[in-house]
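Asker: Just coords-v5.cif, nothing more (mmCIF, C-alpha atoms):
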data_upload
loop_
_atom_site.label_atom_id
_atom_site.label_comp_id
_atom_site.auth_asym_id
_atom_site.auth_seq_id
_atom_site.Cartn_x
_atom_site.Cartn_y
_atom_site.Cartn_z
CA MET A 1437 12.14 -28.85 -45.20
CA ASN A 1438 15.23 -26.88 -44.16
CA ARG A 1439 17.71 -28.35 -41.74
CA VAL A 1440 18.45 -26.06 -38.78
CA GLN A 1441 22.06 -25.06 -38.42
CA PRO A 1442 23.21 -24.88 -34.75
CA GLY A 1443 25.04 -21.61 -35.47
CA ASN A 1444 21.89 -19.96 -36.89
CA ALA A 1445 21.09 -16.77 -34.92
CA GLU A 1446 17.33 -17.40 -35.03
CA TYR A 1447 17.84 -20.92 -33.70
CA GLN A 1448 20.20 -19.72 -30.94
CA GLN A 1449 17.64 -17.13 -29.84
CA PHE A 1450 14.90 -19.79 -29.79
CA LEU A 1451 17.12 -22.16 -27.79
CA SER A 1452 17.96 -19.43 -25.31
CA GLU A 1453 14.28 -18.54 -24.83
CA LEU A 1454 13.35 -22.18 -24.24
CA LYS A 1455 16.12 -22.63 -21.67
CA SER A 1456 14.92 -19.54 -19.80
CA ARG A 1457 11.30 -20.72 -19.80
CA ILE A 1458 12.30 -24.18 -18.60
CA ALA A 1459 14.46 -22.75 -15.81
CA ARG A 1460 11.65 -20.37 -14.75
CA ALA A 1461 9.08 -23.18 -14.72
CA ARG A 1462 11.38 -25.41 -12.68
CA GLN A 1463 11.98 -22.63 -10.15
CA GLN A 1464 8.24 -21.97 -9.86
CA ALA A 1465 7.60 -25.69 -9.39
CA TYR A 1466 10.26 -25.86 -6.68
CA ARG A 1467 8.72 -22.89 -4.86
CA SER A 1468 5.26 -24.40 -5.11
CA VAL A 1469 6.42 -27.75 -3.75
CA ASN A 1470 8.34 -25.99 -0.98
CA ARG A 1471 5.24 -23.99 0.05
CA GLN A 1472 3.19 -27.19 0.13
CA LEU A 1473 5.77 -28.99 2.27
CA ILE A 1474 6.06 -26.07 4.68
CA SER A 1475 2.26 -25.96 4.90
CA LEU A 1476 2.15 -29.71 5.58
CA TYR A 1477 4.84 -29.42 8.25
CA TRP A 1478 2.89 -26.55 9.84
CA GLU A 1479 -0.27 -28.68 9.93
CA ILE A 1480 1.56 -31.69 11.37
CA GLY A 1481 3.12 -29.50 14.07
CA CYS A 1482 -0.31 -28.02 14.83
CA ASP A 1483 -1.91 -31.46 15.03
CA ILE A 1484 0.78 -32.78 17.38
CA VAL A 1485 0.42 -29.77 19.69
CA ASP A 1486 -3.37 -30.02 19.56
CA ARG A 1487 -3.37 -33.69 20.56
CA GLN A 1488 -0.84 -33.09 23.29
CA GLU A 1489 -2.84 -30.21 24.76
CA ARG A 1490 -6.33 -31.62 24.23
CA LEU A 1491 -5.73 -35.30 24.92
CA GLY A 1492 -2.80 -35.06 27.30
CA TRP A 1493 -0.45 -37.00 25.04
CA GLY A 1494 3.15 -36.75 26.17
CA LYS A 1495 6.46 -36.50 24.38
CA ALA A 1496 6.45 -40.19 23.48
CA VAL A 1497 3.79 -39.58 20.83
CA VAL A 1498 6.37 -37.91 18.56
CA GLU A 1499 8.71 -40.89 18.73
CA GLN A 1500 5.81 -43.31 18.16
CA LEU A 1501 4.48 -41.30 15.22
CA SER A 1502 7.89 -41.31 13.61
CA ARG A 1503 8.27 -45.08 13.95
CA ASP A 1504 4.76 -45.74 12.62
CA LEU A 1505 4.96 -43.26 9.74
CA ARG A 1506 8.33 -44.56 8.59
CA ARG A 1507 7.09 -48.15 8.78
CA GLU A 1508 3.90 -47.33 6.83
CA MET A 1509 5.67 -45.02 4.34
CA PRO A 1510 9.22 -46.37 3.95
CA ASP A 1511 9.95 -44.37 0.80
CA SER A 1512 9.03 -41.02 2.38
CA ARG A 1513 11.68 -38.69 3.73
CA GLY A 1514 11.37 -36.14 6.52
CA LEU A 1515 9.48 -38.35 8.98
CA SER A 1516 12.21 -38.80 11.58
CA ALA A 1517 11.43 -38.00 15.19
CA LYS A 1518 13.87 -35.08 14.98
CA ASN A 1519 11.99 -33.61 12.01
CA LEU A 1520 8.61 -34.10 13.73
CA TRP A 1521 10.00 -32.23 16.74
CA TYR A 1522 11.00 -29.42 14.38
CA MET A 1523 7.47 -29.35 12.94
CA ARG A 1524 6.09 -28.99 16.46
CA LYS A 1525 8.61 -26.24 17.28
CA PHE A 1526 7.87 -24.54 13.96
CA TYR A 1527 4.17 -24.36 14.79
CA LEU A 1528 4.71 -23.23 18.39
CA SER A 1529 7.23 -20.58 17.36
CA TYR A 1530 5.10 -19.00 14.64
CA ARG A 1531 1.48 -19.65 15.57
CA ASP A 1532 1.11 -16.11 16.95
CA GLU A 1533 3.34 -14.58 14.26
CA PRO A 1534 1.43 -14.52 10.92
CA ILE A 1535 4.12 -12.49 9.16
CA LEU A 1536 6.79 -15.01 10.14
CA GLN A 1537 4.50 -17.87 9.10
CA GLN A 1538 4.16 -16.42 5.63
CA LEU A 1539 7.88 -15.71 5.26
CA ALA A 1540 8.78 -19.22 6.45
CA GLY A 1541 6.85 -20.64 3.50
CA GLU A 1542 9.18 -18.83 1.11
CA ILE A 1543 12.40 -20.53 2.19
CA PRO A 1544 13.55 -24.16 2.30
CA TRP A 1545 12.75 -26.30 5.32
CA THR A 1546 16.43 -26.73 6.20
CA SER A 1547 16.82 -22.95 6.40
CA ASN A 1548 13.75 -22.76 8.63
CA MET A 1549 15.33 -25.31 10.95
CA VAL A 1550 18.53 -23.24 11.16
CA ILE A 1551 16.56 -20.12 12.09
CA LEU A 1552 14.50 -22.03 14.67
CA ASP A 1553 17.70 -23.37 16.25
CA LYS A 1554 19.86 -20.28 16.18
CA VAL A 1555 17.50 -17.30 16.51
CA SER A 1556 14.88 -16.77 19.21
CA ASP A 1557 13.91 -13.10 18.85
CA PRO A 1558 10.90 -12.65 16.49
CA VAL A 1559 12.27 -9.44 14.95
CA GLU A 1560 15.61 -11.08 14.29
CA ARG A 1561 13.87 -14.15 12.88
CA GLU A 1562 11.93 -11.93 10.52
CA TYR A 1563 15.16 -10.35 9.32
CA TYR A 1564 16.75 -13.73 8.54
CA LEU A 1565 13.59 -15.16 6.98
CA ARG A 1566 13.16 -12.10 4.78
CA SER A 1567 16.84 -11.92 3.84
CA THR A 1568 16.98 -15.61 2.97
CA ALA A 1569 13.90 -15.29 0.77
CA GLU A 1570 14.92 -12.04 -0.93
CA LEU A 1571 18.64 -12.69 -1.32
CA GLY A 1572 18.45 -16.43 -1.99
CA TRP A 1573 20.81 -17.37 0.84
CA SER A 1574 21.70 -21.05 0.96
CA ARG A 1575 21.61 -22.86 4.29
CA ASN A 1576 25.38 -22.42 4.69
CA VAL A 1577 25.27 -18.72 3.83
CA LEU A 1578 22.40 -18.28 6.31
CA ILE A 1579 24.43 -19.98 9.06
CA HIS A 1580 27.40 -17.77 8.26
CA GLN A 1581 25.24 -14.62 8.32
CA ILE A 1582 23.75 -15.56 11.70
CA GLU A 1583 27.12 -16.42 13.20
CA ALA A 1584 28.63 -13.21 11.80
CA GLY A 1585 25.85 -11.13 13.39
CA ALA A 1586 24.30 -9.78 10.20
CA PHE A 1587 21.15 -8.71 12.03
CA ALA A 1588 23.08 -6.69 14.63
CA ARG A 1589 25.12 -5.03 11.87
CA HIS A 1590 21.95 -4.31 9.90
CA ARG A 1591 20.37 -2.56 12.88
CA SER A 1592 23.49 -0.57 13.68
CA ILE A 1593 24.02 0.82 10.19
CA SER A 1594 23.22 4.50 10.17
CA LYS A 1595 20.76 5.74 7.62
CA GLN A 1596 22.44 6.03 4.25
CA HIS A 1597 20.34 8.80 2.80
CA ASN A 1598 19.79 12.49 3.28
CA PHE A 1599 16.01 12.39 3.76
CA GLY A 1600 16.35 13.60 7.35
CA LYS A 1601 18.05 16.77 6.10
CA GLU A 1602 16.02 17.33 2.95
CA LEU A 1603 12.48 16.31 3.96
CA PRO A 1604 10.31 17.59 6.77
CA ALA A 1605 10.76 15.42 9.88
CA ALA A 1606 7.26 13.96 9.54
CA HIS A 1607 8.15 12.48 6.15
CA SER A 1608 11.79 11.44 6.49
CA ASP A 1609 10.96 7.99 7.93
CA GLN A 1610 8.44 7.30 5.15
CA SER A 1611 10.91 7.47 2.30
CA PRO A 1612 11.20 4.59 -0.18
CA ALA A 1613 14.79 4.02 0.90
CA ARG A 1614 13.67 3.70 4.52
CA ALA A 1615 11.00 1.17 3.58
CA SER A 1616 13.48 -0.96 1.68
CA VAL A 1617 15.84 -1.15 4.64
CA GLY A 1618 13.55 -3.85 5.94
CA LYS A 1619 10.28 -4.36 7.64
CA ALA A 1620 12.09 -6.13 10.49
CA SER A 1621 13.57 -2.87 11.71
CA GLN A 1622 10.19 -1.18 11.68
CA ARG A 1623 8.60 -4.10 13.54
CA GLY A 1624 11.16 -3.73 16.29
CA ARG A 1625 9.84 -0.24 17.07
CA ALA A 1626 6.22 -1.32 17.44
#
Show this structure as structure tokens.

Answerer:
Amino acid sequence: MNRVQPGNAEYQQFLSELKSRIARARQQAYRSVNRQLISLYWEIGCDIVDRQERLGWGKAVVEQLSRDLRREMPDSRGLSAKNLWYMRKFYLSYRDEPILQQLAGEIPWTSNMVILDKVSDPVEREYYLRSTAELGWSRNVLIHQIEAGAFARHRSISKQHNFGKELPAAHSDQSPARASVGKASQRGRA
């Protein structure tokens, strides 16, 4: 049996491939867990709203739920009254917005909370949800982008292509470059 030398090119290639596979699997696991948590938070928000509307439960139910859940599940995180209120707001904000619902499942919960707090317009929310998912913005980068007015700048940027000059008018807005500018801009025209 041969002993593997750490400097061996074949070994280094094998090590590199394994590291990539491990990193990819971890990232996929993180995304899967995140989707499940977002789905759970959606369902909890829906259930709270349903009980409040159907049974006439007031605001106190959220505080009571938080106390009871934390007592029954002391090792679980994310069950504070503040977080339950966010779950309720999350559901109410996106229940009639299926595109936003889907995008919200692609980003971390803390980023969703930032968007819920700082952005009220659905088209603008879509922009920040999509940008966070596609560009991998951290929570702090997202906050900076919102405070710096990234959405307003995005909408004000003139088209950076010559399709309007080179293509017939009926086709210039259907170009691949136009589509990649963002679905949020197109939604705003509907």

Asker: As a list in words, please: the residues near Pro1534 (chain A) (cut-off 12 Å, all atoms listed in the file, same-chain neighbours under 6 positions excluded).

Answerer: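 Here the answer would be Tyr1527, Leu1528, Ala1540, Gly1541, Pro1558 and Glu1562 of chain A.
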
Asker: How about saving the chosen residues, C-alpha atoms kept, as a PDB file, in the frame of the given file?

Answerer:
ATOM      1  CA  TYR A1527       4.170 -24.360  14.790  1.00  0.00           C
ATOM      2  CA  LEU A1528       4.710 -23.230  18.390  1.00  0.00           C
ATOM      3  CA  ALA A1540       8.780 -19.220   6.450  1.00  0.00           C
ATOM      4  CA  GLY A1541       6.850 -20.640   3.500  1.00  0.00           C
ATOM      5  CA  PRO A1558      10.900 -12.650  16.490  1.00  0.00           C
ATOM      6  CA  GLU A1562      11.930 -11.930  10.520  1.00  0.00           C
TER       7      GLU A1562
END

Asker: Where does region 1528-1594 of chain A meet region 1500-1518 of chain A within 12 Å, residue by residue, with the nearest atom pair and distance in Å to one decimal for each, counting all atoms listed in the file, listed by chain and rising number, as CSV?

Answerer:
residue,atom,partner,partner_atom,distance
A:Trp1545,CA,A:Gly1514,CA,10.0
A:Thr1546,CA,A:Gly1514,CA,10.7
A:Met1549,CA,A:Lys1518,CA,10.7

Asker: Show me as a ChimeraX atom specification the residues that reach within 10 Å of (13.2, -11.1, 3.3), counting all atoms listed in the file and using the file's own coordinates.

Answerer: /A:1539-1540,1542-1543,1562-1572,1618-1620

Asker: Let's have the selection written as a CSV table (one decimal), keeping the file's coordinate frame, with C-alpha atoms.

Answerer:
chain,number,residue,atom,x,y,z
A,1539,LEU,CA,7.9,-15.7,5.3
A,1540,ALA,CA,8.8,-19.2,6.4
A,1542,GLU,CA,9.2,-18.8,1.1
A,1543,ILE,CA,12.4,-20.5,2.2
A,1562,GLU,CA,11.9,-11.9,10.5
A,1563,TYR,CA,15.2,-10.4,9.3
A,1564,TYR,CA,16.8,-13.7,8.5
A,1565,LEU,CA,13.6,-15.2,7.0
A,1566,ARG,CA,13.2,-12.1,4.8
A,1567,SER,CA,16.8,-11.9,3.8
A,1568,THR,CA,17.0,-15.6,3.0
A,1569,ALA,CA,13.9,-15.3,0.8
A,1570,GLU,CA,14.9,-12.0,-0.9
A,1571,LEU,CA,18.6,-12.7,-1.3
A,1572,GLY,CA,18.4,-16.4,-2.0
A,1618,GLY,CA,13.6,-3.8,5.9
A,1619,LYS,CA,10.3,-4.4,7.6
A,1620,ALA,CA,12.1,-6.1,10.5

Asker: Apply the PyMOL selection byres ((chain A and resi 1475) around 12) to the structure shown and report the selected residues as number ranges by chain.

Answerer: A: 1468-1474, 1476-1482, 1523, 1526-1527, 1537-1545

Asker: What gap, in Å, lies between CA of Val1498 (chain A) and CA of Val1555 (chain A)?

Answerer: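 Computed distance, CA of Val1498 (chain A) to CA of Val1555 (chain A), equals 23.5 Å.
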
Asker: What would the list of residues within 12 Å of (4.3, -33.2, 23.2) (file frame) look like as number ranges by chain, if all atoms listed in the file are what count?

Answerer: A: 1481-1501, 1517, 1520-1525, 1528

Asker: Return as lines of an AutoDock Vina configuration file the box centre and box size in Å, one decimal, for an axis-aligned box around all listed atoms of region 1507-1518 of chain A padded by 6 Å per side.

Answerer:
center_x = 8.9
center_y = -41.6
center_z = 8.0
size_x = 22.0
size_y = 25.1
size_z = 26.4

Asker: Would you please work out which residue, of A:Arg1591, A:Asn1548, A:Pro1604, A:Asp1557, is nearest to Trp1573 (chain A) when using only C-alpha atoms?

Answerer: A:Asn1548

Asker: What does the distance from CA of Phe1450 (chain A) to CA of Ala1465 (chain A) come to in Å, to one decimal?

Answerer: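 CA of Ala1465 (chain A) lies 22.5 Å from CA of Phe1450 (chain A).
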
Asker: Could you tell me how far CA of Leu1536 (chain A) lies from CA of Asp1553 (chain A), in Å and to one decimal?

Answerer: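 CA of Asp1553 (chain A) lies at a distance of 15.0 Å from CA of Leu1536 (chain A).
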
Asker: Find the residue from A:Ser1529, A:Ser1547, A:Gln1463, A:Gln1449 that sits nearest to Arg1575 (chain A); use only C-alpha atoms when measuring.

Answerer: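 Checking each candidate against Arg1575 (chain A), we get A:Ser1547 as the closest.
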
Asker: Could you check the closest approach to Ile1579 (chain A) for each of A:Gln1464, A:Lys1554, A:Tyr1447, A:Pro1442 and tell me which residue wins, using all atoms listed in the file?

Answerer: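 Nearest to Ile1579 (chain A): A:Lys1554.
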